[in-house]
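Student: Sharing upload-v7.txt here; it has compact mmCIF, C-alpha atoms and all ligand atoms.
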```
# COMPACT_ATOMS: atom_id res chain seq x y z
CA MET A 6 18.19 33.95 24.34
CA ARG A 7 19.21 36.32 21.64
CA ASP A 8 20.95 33.49 19.84
CA SER A 9 17.98 31.21 19.98
CA SER A 10 15.57 33.87 18.71
CA ARG A 11 17.98 34.61 15.90
CA ARG A 12 18.16 30.93 15.03
CA GLY A 13 14.37 30.84 15.10
CA PHE A 14 14.16 33.75 12.67
CA MET A 15 16.73 32.19 10.35
CA GLY A 16 14.87 28.89 10.44
CA LYS A 17 11.56 30.52 9.50
CA ALA A 18 13.18 32.58 6.76
CA PHE A 19 14.86 29.48 5.31
CA GLY A 20 11.61 27.53 5.56
CA ALA A 21 9.71 30.27 3.72
CA VAL A 22 12.28 30.40 0.90
CA ALA A 23 12.33 26.60 0.61
CA GLY A 24 8.52 26.53 0.55
CA VAL A 25 8.34 29.08 -2.27
CA GLY A 26 10.99 27.12 -4.18
CA ALA A 27 9.10 23.85 -3.74
CA VAL A 28 5.83 25.38 -5.00
CA ALA A 29 7.64 26.93 -7.98
CA SER A 30 9.31 23.65 -8.93
CA LEU A 31 6.02 21.73 -8.56
CA PHE A 32 4.37 24.27 -10.87
CA ALA A 33 7.22 23.88 -13.39
CA MET A 34 6.95 20.06 -13.21
CA LYS A 35 3.17 20.16 -13.77
CA LYS A 36 3.69 22.37 -16.82
CA THR A 37 6.09 19.76 -18.20
CA TRP A 38 3.61 16.90 -17.64
CA ASP A 39 0.59 18.70 -19.12
CA PRO A 40 0.14 18.07 -22.87
CA LEU A 41 0.61 21.16 -25.00
CA PRO A 42 -2.58 22.59 -26.54
CA SER A 43 -1.29 21.73 -30.01
CA VAL A 44 -0.73 18.08 -29.02
CA LYS A 45 -4.32 17.82 -27.81
CA ALA A 46 -5.51 19.35 -31.06
CA ALA A 47 -3.26 16.96 -33.01
CA GLY A 48 -5.53 14.06 -32.03
CA PHE A 49 -8.22 15.38 -34.36
CA THR A 50 -8.39 15.74 -38.11
CA THR A 51 -11.21 17.79 -39.61
CA LEU A 52 -12.21 16.98 -43.18
CA ASP A 53 -14.29 19.23 -45.41
CA MET A 54 -16.49 16.59 -47.04
CA SER A 55 -17.65 18.86 -49.84
CA ALA A 56 -14.16 18.61 -51.39
CA TYR A 57 -14.36 14.95 -52.55
CA ASN A 58 -15.36 13.58 -55.94
CA GLU A 59 -17.45 10.48 -56.52
CA ASN A 60 -15.55 7.18 -56.86
CA GLU A 61 -12.20 8.91 -56.31
CA LEU A 62 -10.26 7.49 -53.40
CA ILE A 63 -8.47 10.10 -51.31
CA THR A 64 -6.10 9.07 -48.55
CA GLU A 65 -6.08 11.43 -45.59
CA LYS A 66 -4.06 11.09 -42.41
CA TRP A 67 -5.20 10.76 -38.79
CA ARG A 68 -2.84 9.99 -35.91
CA GLY A 69 -0.22 8.78 -38.38
CA LYS A 70 -2.60 6.31 -40.05
CA PRO A 71 -3.85 6.44 -43.65
CA ILE A 72 -7.57 7.16 -43.80
CA PHE A 73 -9.47 6.19 -46.94
CA VAL A 74 -12.27 8.55 -47.97
CA LEU A 75 -14.41 7.45 -50.91
CA LYS A 76 -17.49 9.41 -51.92
CA LYS A 77 -20.12 7.06 -53.35
CA SER A 78 -21.99 7.77 -56.56
CA ALA A 79 -25.78 7.37 -56.83
CA GLU A 80 -25.16 4.13 -58.72
CA MET A 81 -22.94 2.77 -55.95
CA ILE A 82 -25.47 3.72 -53.27
CA ALA A 83 -28.32 2.07 -55.18
CA SER A 84 -26.38 -1.20 -55.55
CA GLN A 85 -25.49 -1.55 -51.87
CA THR A 86 -26.42 -4.51 -49.70
CA PRO A 87 -27.65 -3.85 -46.13
CA VAL A 88 -24.17 -4.76 -44.82
CA GLN A 89 -22.60 -2.12 -47.07
CA GLN A 90 -25.25 0.48 -46.16
CA GLU A 91 -24.52 0.08 -42.46
CA ARG A 92 -20.94 1.17 -43.04
CA ASP A 93 -21.94 4.41 -44.79
CA VAL A 94 -20.83 7.66 -43.25
CA ILE A 95 -23.49 10.17 -44.30
CA VAL A 96 -22.55 13.83 -44.32
CA ASP A 97 -24.85 16.52 -45.68
CA GLY A 98 -26.86 13.91 -47.61
CA SER A 99 -23.81 12.36 -49.33
CA HIS A 100 -22.58 8.83 -48.61
CA TYR A 101 -18.93 8.03 -47.98
CA MET A 102 -16.74 5.14 -47.11
CA VAL A 103 -14.38 6.33 -44.40
CA ALA A 104 -11.96 3.70 -43.11
CA ILE A 105 -8.47 3.17 -41.80
CA GLY A 106 -6.49 2.21 -44.89
CA LEU A 107 -4.72 -0.79 -43.39
CA CYS A 108 -5.66 -4.35 -44.26
CA THR A 109 -7.16 -6.10 -41.24
CA HIS A 110 -5.13 -9.22 -42.05
CA LEU A 111 -1.56 -8.07 -41.51
CA GLY A 112 -1.66 -4.32 -42.07
CA CYS A 113 -0.71 -3.79 -45.72
CA ILE A 114 -2.27 -0.85 -47.57
CA PRO A 115 -4.90 -2.07 -50.07
CA ALA A 116 -5.15 -0.38 -53.48
CA TYR A 117 -8.43 0.89 -54.91
CA ASN A 118 -9.49 -0.01 -58.43
CA THR A 119 -11.87 2.68 -59.74
CA ASP A 120 -13.18 0.43 -62.56
CA LYS A 121 -13.90 -2.62 -60.41
CA LYS A 122 -14.78 -0.41 -57.43
CA ASP A 123 -12.96 -2.61 -54.96
CA PHE A 124 -9.77 -2.82 -52.98
CA LEU A 125 -7.08 -5.40 -53.50
CA CYS A 126 -4.49 -6.11 -50.86
CA ALA A 127 -1.42 -7.26 -52.75
CA CYS A 128 0.19 -8.94 -49.73
CA HIS A 129 -2.05 -12.05 -49.61
CA GLY A 130 -4.78 -11.34 -52.15
CA GLY A 131 -7.45 -10.08 -49.71
CA GLN A 132 -10.21 -7.93 -51.18
CA PHE A 133 -12.62 -5.34 -49.81
CA ASP A 134 -15.64 -3.88 -51.57
CA PHE A 135 -16.18 -0.13 -51.99
CA SER A 136 -17.74 0.01 -48.53
CA GLY A 137 -14.68 -1.53 -46.93
CA ALA A 138 -16.44 -4.85 -46.19
CA VAL A 139 -14.50 -8.07 -46.86
CA ALA A 140 -15.04 -9.42 -50.36
CA LYS A 141 -12.33 -12.10 -50.23
CA VAL A 142 -10.39 -13.59 -47.32
CA PRO A 143 -7.86 -13.75 -45.58
CA PRO A 144 -8.82 -10.37 -43.98
CA PRO A 145 -10.84 -11.37 -40.88
CA ARG A 146 -13.07 -8.27 -40.93
CA GLY A 147 -13.86 -5.17 -42.93
CA LEU A 148 -11.60 -2.13 -42.87
CA ASP A 149 -11.79 -0.50 -39.45
CA ILE A 150 -13.66 2.78 -39.18
CA PRO A 151 -11.93 5.51 -37.19
CA PRO A 152 -13.85 7.40 -34.47
CA PHE A 153 -15.73 10.24 -36.16
CA LYS A 154 -18.26 12.95 -35.53
CA VAL A 155 -20.36 14.65 -38.19
CA ASP A 156 -20.30 18.44 -37.83
CA GLY A 157 -22.31 20.13 -40.60
CA ASN A 158 -20.50 19.34 -43.85
CA LYS A 159 -17.36 18.42 -41.91
CA LEU A 160 -16.15 15.19 -40.42
CA VAL A 161 -14.02 15.31 -37.29
CA LEU A 162 -11.82 12.24 -37.00
CA GLY A 163 -10.87 11.41 -33.43
CA GLU A 164 -14.16 12.63 -31.95
CA VAL A 165 -16.92 10.19 -31.15
CA GLY A 166 -20.37 11.05 -32.51
CA PRO A 167 -23.63 9.08 -32.23
CA GLU A 168 -23.23 7.54 -35.71
CA TYR A 169 -19.84 6.08 -34.79
CA THR A 170 -21.12 4.84 -31.43
CA LYS A 171 -23.95 3.02 -33.23
CA MET A 172 -21.47 1.35 -35.63
CA LYS A 173 -19.27 0.27 -32.77
CA GLU A 174 -22.14 -1.08 -30.71
CA SER A 175 -23.46 -3.12 -33.62
CA GLY A 176 -20.00 -4.61 -34.25
CA ILE A 177 -19.44 -2.99 -37.66
CA THR A 178 -16.03 -1.77 -36.50
CA LEU A 179 -13.71 -2.60 -33.62
S1 LIG A 201 -2.14 -8.14 -45.31
FE1 LIG A 201 -3.85 -7.89 -46.63
S2 LIG A 201 -4.32 -9.87 -47.25
FE2 LIG A 201 -2.69 -10.16 -45.88
```
For the file at hand, write its structure as structure tokens.
Ligand code: FES
Tutor:
Amino acid sequence: MRDSSRRGFMGKAFGAVAGVGAVASLFAMKKTWDPLPSVKAAGFTTLDMSAYNENELITEKWRGKPIFVLKKSAEMIASQTPVQQERDVIVDGSHYMVAIGLCTHLGCIPAYNTDKKDFLCACHGGQFDFSGAVAKVPPPRGLDIPPFKVDGNKLVLGEVGPEYTKMKESGITL
């Protein structure tokens, strides 16, 4: 009788210790699986749009990809076709081309010519205009536009705002 009650006590004590250990290791495993706060934040790139100059291509980075940012001059805006206008990212009244800087043919990085105001992809001769629309094949579509959200005079890449949703729904970008 004494022996069995002792065994019972030992069993409960062992069970309690094992239970605490299991909960602790589950907690530790969950911590390992959860993304770190900095990794979550790393999915976004915030650009201060007041820092760009007209007709000067700046290449930013978002999720390891080159992002072209080109502020359009009044002359460029006035000369745009409806197709080019639809691709405009408008922040604080200024118009920008914002696009992933990889050719949609086979992924080379096109170069911007400030005099001609267009992009030439040296790999197979593809061209894009200053809005990122195709000017000469083989690229099958204009430069892709990354997800973005306008926030005052800032642009948050990686967040989806209504302007981006509209572009995506109308097939301007993939
Ligand atoms: S990769 Fe740009 S034209 Fe082929």
Student: Could you give me the residues within 10 Å of ligand LIG 201 (chain A), counting all atoms listed in the file, as a ChimeraX atom specification?
Tutor: /A:107-115,125-133,141-145
Student: Restrict the selected residues to C-alpha atoms and save them as a PDB file, keeping the file's coordinate frame.
Tutor:
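Once everything was written out, this is selection.pdb:
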```
ATOM      1  CA  LEU A 107      -4.720  -0.790 -43.390  1.00  0.00           C
ATOM      2  CA  CYS A 108      -5.660  -4.350 -44.260  1.00  0.00           C
ATOM      3  CA  THR A 109      -7.160  -6.100 -41.240  1.00  0.00           C
ATOM      4  CA  HIS A 110      -5.130  -9.220 -42.050  1.00  0.00           C
ATOM      5  CA  LEU A 111      -1.560  -8.070 -41.510  1.00  0.00           C
ATOM      6  CA  GLY A 112      -1.660  -4.320 -42.070  1.00  0.00           C
ATOM      7  CA  CYS A 113      -0.710  -3.790 -45.720  1.00  0.00           C
ATOM      8  CA  ILE A 114      -2.270  -0.850 -47.570  1.00  0.00           C
ATOM      9  CA  PRO A 115      -4.900  -2.070 -50.070  1.00  0.00           C
ATOM     10  CA  LEU A 125      -7.080  -5.400 -53.500  1.00  0.00           C
ATOM     11  CA  CYS A 126      -4.490  -6.110 -50.860  1.00  0.00           C
ATOM     12  CA  ALA A 127      -1.420  -7.260 -52.750  1.00  0.00           C
ATOM     13  CA  CYS A 128       0.190  -8.940 -49.730  1.00  0.00           C
ATOM     14  CA  HIS A 129      -2.050 -12.050 -49.610  1.00  0.00           C
ATOM     15  CA  GLY A 130      -4.780 -11.340 -52.150  1.00  0.00           C
ATOM     16  CA  GLY A 131      -7.450 -10.080 -49.710  1.00  0.00           C
ATOM     17  CA  GLN A 132     -10.210  -7.930 -51.180  1.00  0.00           C
ATOM     18  CA  PHE A 133     -12.620  -5.340 -49.810  1.00  0.00           C
ATOM     19  CA  LYS A 141     -12.330 -12.100 -50.230  1.00  0.00           C
ATOM     20  CA  VAL A 142     -10.390 -13.590 -47.320  1.00  0.00           C
ATOM     21  CA  PRO A 143      -7.860 -13.750 -45.580  1.00  0.00           C
ATOM     22  CA  PRO A 144      -8.820 -10.370 -43.980  1.00  0.00           C
ATOM     23  CA  PRO A 145     -10.840 -11.370 -40.880  1.00  0.00           C
TER      24      PRO A 145
END
```
Student: For CA of Ser78 (chain A) and CA of Asp149 (chain A), determine how far apart the two atoms are, in Å to one decimal place.
Tutor: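 Between these atoms lies a distance of 21.6 Å.
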Student: With all atoms listed in the file as the atoms that count, which of A:Gly69, A:Thr50, A:Thr178, A:Leu62 lies nearest to Phe124 (chain A)?
Tutor: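 Closest candidate: A:Leu62.
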Student: Mind pulling up the distance from CA of Glu174 (chain A) to CA of Ile105 (chain A)?
Tutor: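 Result for CA of Ile105 (chain A) versus CA of Glu174 (chain A): 18.1 Å, one decimal.
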Student: Given all atoms listed in the file as the basis, pick out the residue of A:Ile63, A:Val74, A:Ala83, A:Val88 nearest to Gly147 (chain A).
Tutor: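 For Gly147 (chain A), the nearest of the given residues is A:Val88.
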Student: Applying 12 Å and only C-alpha atoms, which residues near Tyr169 (chain A) remain after dropping the ones on its own chain fewer than 5 positions away? List them as a PyMOL selection string.
Tutor: chain A and resi 91-95+103-104+149-155+160-164+174-179
Student: CA of Ile72 (chain A) and CA of Gly98 (chain A), how far apart in Å?
Tutor: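 So the answer is 20.8 Å.
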Student: With 12 Å as the threshold, what does the neighbourhood of (-18.7, 17.2, -53.5) contain in terms of residues, counting all atoms listed in the file? Coordinates are those of the file; answer as an mmCIF file with C-alpha atoms, keeping the file's coordinate frame.
Tutor:
```cif
data_model
loop_
_atom_site.group_PDB
_atom_site.id
_atom_site.type_symbol
_atom_site.label_atom_id
_atom_site.label_comp_id
_atom_site.auth_asym_id
_atom_site.auth_seq_id
_atom_site.Cartn_x
_atom_site.Cartn_y
_atom_site.Cartn_z
ATOM 1 C CA ASP A 53 -14.290 19.230 -45.410
ATOM 2 C CA MET A 54 -16.490 16.590 -47.040
ATOM 3 C CA SER A 55 -17.650 18.860 -49.840
ATOM 4 C CA ALA A 56 -14.160 18.610 -51.390
ATOM 5 C CA TYR A 57 -14.360 14.950 -52.550
ATOM 6 C CA ASN A 58 -15.360 13.580 -55.940
ATOM 7 C CA GLU A 59 -17.450 10.480 -56.520
ATOM 8 C CA ASN A 60 -15.550 7.180 -56.860
ATOM 9 C CA GLU A 61 -12.200 8.910 -56.310
ATOM 10 C CA LEU A 75 -14.410 7.450 -50.910
ATOM 11 C CA LYS A 76 -17.490 9.410 -51.920
ATOM 12 C CA LYS A 77 -20.120 7.060 -53.350
ATOM 13 C CA SER A 78 -21.990 7.770 -56.560
ATOM 14 C CA VAL A 96 -22.550 13.830 -44.320
ATOM 15 C CA ASP A 97 -24.850 16.520 -45.680
ATOM 16 C CA GLY A 98 -26.860 13.910 -47.610
ATOM 17 C CA SER A 99 -23.810 12.360 -49.330
ATOM 18 C CA HIS A 100 -22.580 8.830 -48.610
ATOM 19 C CA TYR A 101 -18.930 8.030 -47.980
ATOM 20 C CA ASN A 158 -20.500 19.340 -43.850
ATOM 21 C CA LYS A 159 -17.360 18.420 -41.910
#
```
Student: Which of these residues is nearest to Leu52 (chain A), using all atoms listed in the file: A:Ala138, A:Gly106, A:Asp156, A:Thr119?
Tutor: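 Looking only at the distances to Leu52 (chain A), the closest residue turns out to be A:Asp156.
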Student: Using only C-alpha atoms, which of the listed residues (A:Phe49, A:Lys173, A:Gly157, A:Met102) sits closest to Gly137 (chain A)?
Tutor: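 Of A:Phe49, A:Lys173, A:Gly157, A:Met102, the one nearest Gly137 (chain A) is A:Met102, counting only C-alpha atoms.
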